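*Asks:* One structure, as structure tokens, below. Some questions next.
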Amino acid sequence: MFQRILPNTMTRSIGLLISCAVLVFCLIGSIKLGLTKIDWNAMLHAYGTANPSEEQLVIRTTRVPRALIALCVGASLAISGALMQALTRNPLASPTIFGINAGAAFFVVLAASYLSASSYHTFTWIAFFGAAVSGSIVYALSSLGRGGLTPLKLTLAGAAITAFFHTLTQGVLVTEESTLDEVLYWLSGSIVGRKLEMLTDILPFFITAWLVALILARPINTLTMGEHIARGLGQKTGWVKLLAALVIIFLAGGSVAVAGPIGLVGLVVPHIARTLVGSDFRWIIPYCAVLGGSFLLLADIGARYLIMPGSPLVDLLSGLGARTLSDEVPVGVITALIGAPFFIYIARRSITE
Amino acid sequence: MRKKHLAIRLKSLPVSLLIDLRALIIMVLLALLGLSVFVYSIGSGEMTIAPWNVLTALIGQGSPADEMVIQTLRLPRALVALFVGASMAVAGSILQGIMRNPLASPDIIGITGGASVTAVAFLTLFSDWGARWLPAAAFVGGSITALLIYALAWKKGVSPLRLVLIGIGINSAANGLTTLLLILSPIYATSQAMAWLAGSVYASSWETVWTILPWFIVLVPLAMILSRQLNAQQMGEAIATQLGTSVQKQRFLLILVSIALATSAVAVSGPIGFIGLMSPHIARLLTGPSFGQLLPVSGLIGACLVLVADLIARTAFSPLDLPAGLFTAVLGAPFLIYLLYSHGRT
């Protein structure tokens with residue numbers, strides 16, 4: 001069903017190296033490009049000087065944290081998406097289907113309207129907690145009954161819990177209108193104004209989960225051949241699924257905690273990776289990490305330019321009477337807008353059923 | 001488990017039905033449930049009317065005051081809830097059958113997303129044209145999206161997986177646009193748009209009923225007639241072709257019917273979530289996968305869900321009149337999970 005482009009270890013290694021080069025390129029671009037012009041010299045010495053210039057302050061406080069957050073969140077979302085598609089054996093699955101974004105959003109909206117939490121830093125832990133709660137509910141529900149966790153039960157329980165939390169969120173937002181303005185930006189997924197501490201809080205979870213994901217690659221290869229085959233080969237499938245679920249909750253939950261719900265990365269990037277290297281998870285996971293990071297960095301750079309003062313889109317919209325934006329477009333919007341054509345191209349190209 | 005069947009064969013027409021007795025009983029029960037919710041819902045509200053008086057008012061024999069309230073306010077609203085629920089559920093069942101994917105629904109393949117973009121754009125940018133044009137705006141958005149998805153998925157025929165993947169892509173682009181519009185619009189328009197996005201039937205009048213009724217009357221029977229093909233399609237393209245189904249043509253017709261049903265429903269009520277995704281699953285767990293019985297059962301479940309959800313939304317937080325879409329998932333999700341659990345044990 002899926003054709004792969006890179007057929008053997010040699011080409012795959014070279015491909016991975018090229019992808020890493022692209023990633024570094026995106027990282028540098030993310031630090032350099034934007035409303036404040038930054039020259040190479042200032043950039044190189046940003047962390048060396050004792051009395052930094054204005055440009056170097058921008059680099060230290062805004063650009064570097066933002067680039068690192070985009071990198072980690074993009075990589076994590078992509079890996080959790082790949083694992084999710086393996087667990088549900090459904091190419092349409094993404095971390096969203098595990099109920100993680102919906103749970104996080106619900107708890108944040110709840111905290112914002114009834115506990116008057118308002119800083120992004122408090123949102124981090126509330127969102128992580130919410131993601132863990134709804135992820136665990138989905139896992140528990142789908143493991144109930146005979147047969148343990150099956151792809152169909154996971155998919156349905158996830159979709160049901162997602163719909164459940166999603167409508168509860170809408171309920172709070174419709175009844176408490178003042179909350180809406182406060183959380184709308186958070187809800188659309190944005191990495192503007194996030195501090196580096198928010199990433200470092202979550203980073204231990206990320207690193208653990210990345211390592212476990214790499215270790216899980218082989219067992220997951222076996223598991224995707226089917227439950228019975230995997231058992232026949234002596235695998236304890238229950239443990240593999242539990243670990244994979246934990247990794248998904250850590251990665252996707254951590255991502256939503258730092259950056260809000262960003263869609264499509266967890267869906268598109270695994271597809272791109274699979275188109276490149278086929279179905280071997282030992283390759284899919286590193287490719288997902290590198291490509292996911294680049295994807296979100298690029299989307300973030302795009303987000304800066306789309307609504308910069310004077311861009312054609314801003315002129316068009318203000319002509320129609322829209323309110324003018326002081327902030328940038330949330331990156332979640334951009335991932336959706338640039339990811340969609342890409343995704344459609346991949347779907348057209350790779351599925352020749 | 002031994003299954004009992006009821007065979008209906010007509011001599012003059014080429015019609016033959018084999019109805020599972022259990023499914024028939026479930027259908028009758030659901031229809032009764034739907035009817036009683038319908039009557040109860042019409043009777044309750046600011047001014048409570050006893051069920052018997054509701055019935056007499058419906059046939060034009062009640063007191064003038066009752067008739068006024070029922071015929072101008074409550075009856076159209078209940079009818080719209082019924083039509084919207086049934087349309088979404090039938091549309092979802094057809095899509096899940098064609099795509100052979102439990103996640104397929106009008107929400108996930110972008111129909112409701114596309115309708116939302118134009119509706120929110122209308123609410124935030126062109127609201128001085130008057131709310132009367134809102135359904136039209138949503139309908140145009142939904143239809144354009146559907147055309148776009150089908151055109152993009154076409155490559156010497158349409159494969160279900162390609163269709164649904166492209167639908168997801170379009171859907172997320174549409175969601176991105178909606179969010180962008182929400183962020184750019186003034187806050188009063190934003191909260192208005194959020195209320196529309198939650199999905200509600202509270203602005204229903206007879207005009208709304210006449211908007212959705214023709215679609216419903218034409219498309220639902222058409223779906224029932226075409227459902228025979230779904231049984232074959234569900235087994236996969238190769239088997240369906242061998243069974244003599246002209247797969248591409250049938251698939252095109254079925255998708256067209258399902259998209260038209262979903263779009264007409266979204267146009268009048270906004271994207272009431274969950275119905276298109278979950279009603280088919282609840283129906284399948286109740287009656288099994290054969291489409292002859294799955295479509296009517298899931299239509300009835302969808303209708304009941306929206307009726308009950310609107311009843312709660314209207315009365316439980318009175319005087320607040322909340323969107324019905326807030327309660328469909330709250331009602332349906334626990335039920336679905338219970339069914340999944342009890343199904344897993346037998």
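Residues in the structure tokens are numbered from 1 in each chain, the chains being A, B, ... in the order shown, and ligands are numbered from 1 in the order shown.
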Write out as a PDB file with N, CA and C atoms, in the first residue's frame which residues come within 10 Å of Gly332 (chain B) when counting only C-alpha atoms, dropping same-chain ones fewer than 4 positions away.
*Replies:*
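Generated output (out31.pdb):
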ATOM      1  N   ALA A 160     -14.364   8.631  21.734  1.00  0.00           N
ATOM      2  CA  ALA A 160     -15.463   8.979  22.645  1.00  0.00           C
ATOM      3  C   ALA A 160     -14.993   9.964  23.711  1.00  0.00           C
ATOM      4  N   ALA A 163     -14.342  13.404  22.223  1.00  0.00           N
ATOM      5  CA  ALA A 163     -15.596  14.138  21.998  1.00  0.00           C
ATOM      6  C   ALA A 163     -16.166  14.632  23.325  1.00  0.00           C
ATOM      7  N   PHE A 164     -16.071  13.789  24.337  1.00  0.00           N
ATOM      8  CA  PHE A 164     -16.604  14.112  25.660  1.00  0.00           C
ATOM      9  C   PHE A 164     -15.936  15.362  26.234  1.00  0.00           C
TER      10      PHE A 164
ATOM     11  N   PHE B 274     -20.141  14.413  17.367  1.00  0.00           N
ATOM     12  CA  PHE B 274     -20.363  13.118  17.979  1.00  0.00           C
ATOM     13  C   PHE B 274     -21.428  12.265  17.310  1.00  0.00           C
ATOM     14  N   ILE B 275     -22.506  12.885  16.796  1.00  0.00           N
ATOM     15  CA  ILE B 275     -23.622  12.090  16.272  1.00  0.00           C
ATOM     16  C   ILE B 275     -23.159  11.236  15.098  1.00  0.00           C
ATOM     17  N   MET B 278     -20.550   8.519  16.432  1.00  0.00           N
ATOM     18  CA  MET B 278     -20.878   7.524  17.448  1.00  0.00           C
ATOM     19  C   MET B 278     -22.182   6.766  17.215  1.00  0.00           C
ATOM     20  N   SER B 279     -23.185   7.421  16.615  1.00  0.00           N
ATOM     21  CA  SER B 279     -24.447   6.701  16.423  1.00  0.00           C
ATOM     22  C   SER B 279     -24.252   5.399  15.648  1.00  0.00           C
ATOM     23  N   ILE B 282     -22.816   2.798  18.047  1.00  0.00           N
ATOM     24  CA  ILE B 282     -23.807   2.328  19.010  1.00  0.00           C
ATOM     25  C   ILE B 282     -24.767   1.383  18.298  1.00  0.00           C
ATOM     26  N   ILE B 301     -31.108   6.380  16.540  1.00  0.00           N
ATOM     27  CA  ILE B 301     -30.267   6.736  17.682  1.00  0.00           C
ATOM     28  C   ILE B 301     -29.824   8.192  17.582  1.00  0.00           C
ATOM     29  N   GLY B 302     -29.414   8.595  16.363  1.00  0.00           N
ATOM     30  CA  GLY B 302     -29.003   9.985  16.179  1.00  0.00           C
ATOM     31  C   GLY B 302     -30.126  10.951  16.519  1.00  0.00           C
ATOM     32  N   LEU B 305     -30.668  11.058  20.291  1.00  0.00           N
ATOM     33  CA  LEU B 305     -29.575  11.763  20.978  1.00  0.00           C
ATOM     34  C   LEU B 305     -29.755  13.271  20.877  1.00  0.00           C
ATOM     35  N   VAL B 306     -30.030  13.767  19.649  1.00  0.00           N
ATOM     36  CA  VAL B 306     -30.145  15.225  19.500  1.00  0.00           C
ATOM     37  C   VAL B 306     -31.392  15.737  20.214  1.00  0.00           C
ATOM     38  N   ALA B 309     -30.570  15.739  23.884  1.00  0.00           N
ATOM     39  CA  ALA B 309     -29.554  16.753  24.156  1.00  0.00           C
ATOM     40  C   ALA B 309     -30.171  18.145  24.125  1.00  0.00           C
ATOM     41  N   PHE B 327     -24.322  18.601  24.703  1.00  0.00           N
ATOM     42  CA  PHE B 327     -24.781  17.463  25.488  1.00  0.00           C
ATOM     43  C   PHE B 327     -24.783  16.153  24.725  1.00  0.00           C
ATOM     44  N   THR B 328     -24.606  16.201  23.394  1.00  0.00           N
ATOM     45  CA  THR B 328     -24.665  14.943  22.651  1.00  0.00           C
ATOM     46  C   THR B 328     -23.549  14.006  23.088  1.00  0.00           C
ATOM     47  N   LEU B 336     -21.685   4.621  24.860  1.00  0.00           N
ATOM     48  CA  LEU B 336     -20.835   3.880  23.931  1.00  0.00           C
ATOM     49  C   LEU B 336     -19.804   3.062  24.702  1.00  0.00           C
ATOM     50  N   ILE B 337     -19.225   3.684  25.736  1.00  0.00           N
ATOM     51  CA  ILE B 337     -18.193   2.985  26.493  1.00  0.00           C
ATOM     52  C   ILE B 337     -18.791   1.788  27.227  1.00  0.00           C
ATOM     53  N   TYR B 338     -20.012   1.972  27.759  1.00  0.00           N
ATOM     54  CA  TYR B 338     -20.678   0.854  28.412  1.00  0.00           C
ATOM     55  C   TYR B 338     -20.876  -0.292  27.418  1.00  0.00           C
TER      56      TYR B 338
END
*Asks:* When the cut-off is 6 Å and we count only C-alpha atoms, which residues of chain B are near chain A, given as JSON, numbers by chain?
*Replies:* {"B": [162, 166, 169, 172, 173, 176, 184, 185, 186, 326, 329, 330, 333, 341, 344, 345]}
*Asks:* Just how far from CA of Gly74 (chain A) is CA of Leu277 (chain B), in Å to one decimal?
*Replies:* 28.7 Å
*Asks:* One decimal, Å: what's the distance from CA of Pro280 (chain B) over to CA of Ile94 (chain B), could you say?
*Replies:*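 Distance reported for this atom pair: 8.8 Å.
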*Asks:* Quick one: distance from CA of Leu261 (chain B) to CA of Ile26 (chain B) in Å, one decimal?
*Replies:*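 A separation of 23.8 Å between them.
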*Asks:* For Gly142 (chain B), please output as a PDB file with C-alpha atoms, in the first residue's frame all residues within 7 Å (counting only C-alpha atoms; exclusion window: fewer than 4 positions along the same chain).
*Replies:*
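For reference, selection_23.pdb as written:
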ATOM      1  CA  ILE B 111     -17.469  18.462   5.577  1.00  0.00           C
ATOM      2  CA  THR B 112     -18.365  20.123   8.858  1.00  0.00           C
ATOM      3  CA  GLY B 114     -15.534  23.398   5.540  1.00  0.00           C
ATOM      4  CA  ALA B 115     -19.041  24.471   6.467  1.00  0.00           C
ATOM      5  CA  ALA B 138     -22.579  26.954   5.688  1.00  0.00           C
ATOM      6  CA  ALA B 146     -16.826  18.067  -0.490  1.00  0.00           C
ATOM      7  CA  THR B 263     -24.105  19.359   4.729  1.00  0.00           C
TER       8      THR B 263
END
*Asks:* So, with only C-alpha atoms as the atoms that count, which of A:Gly234, A:Gly158, A:Gly278, A:Pro151 lies closest to Ser136 (chain A)?
*Replies:*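 Ranking A:Gly234, A:Gly158, A:Gly278, A:Pro151 by distance to Ser136 (chain A), first place goes to A:Gly158.
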*Asks:* Please give the complete set of residues from region 216-285 of chain B that DSSP, run on the backbone, assigns to alpha helix (DSSP H), formatted as a ChimeraX atom specification.
*Replies:* /B:216-234,237-242,247-269,275-285
*Asks:* Between B:Val308, B:Val140, B:Leu197, B:Leu320, which has the minimum distance to Leu35 (chain B) (counting only C-alpha atoms)?
*Replies:*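 Nearest candidate to Leu35 (chain B) out of B:Val308, B:Val140, B:Leu197, B:Leu320: B:Val308.
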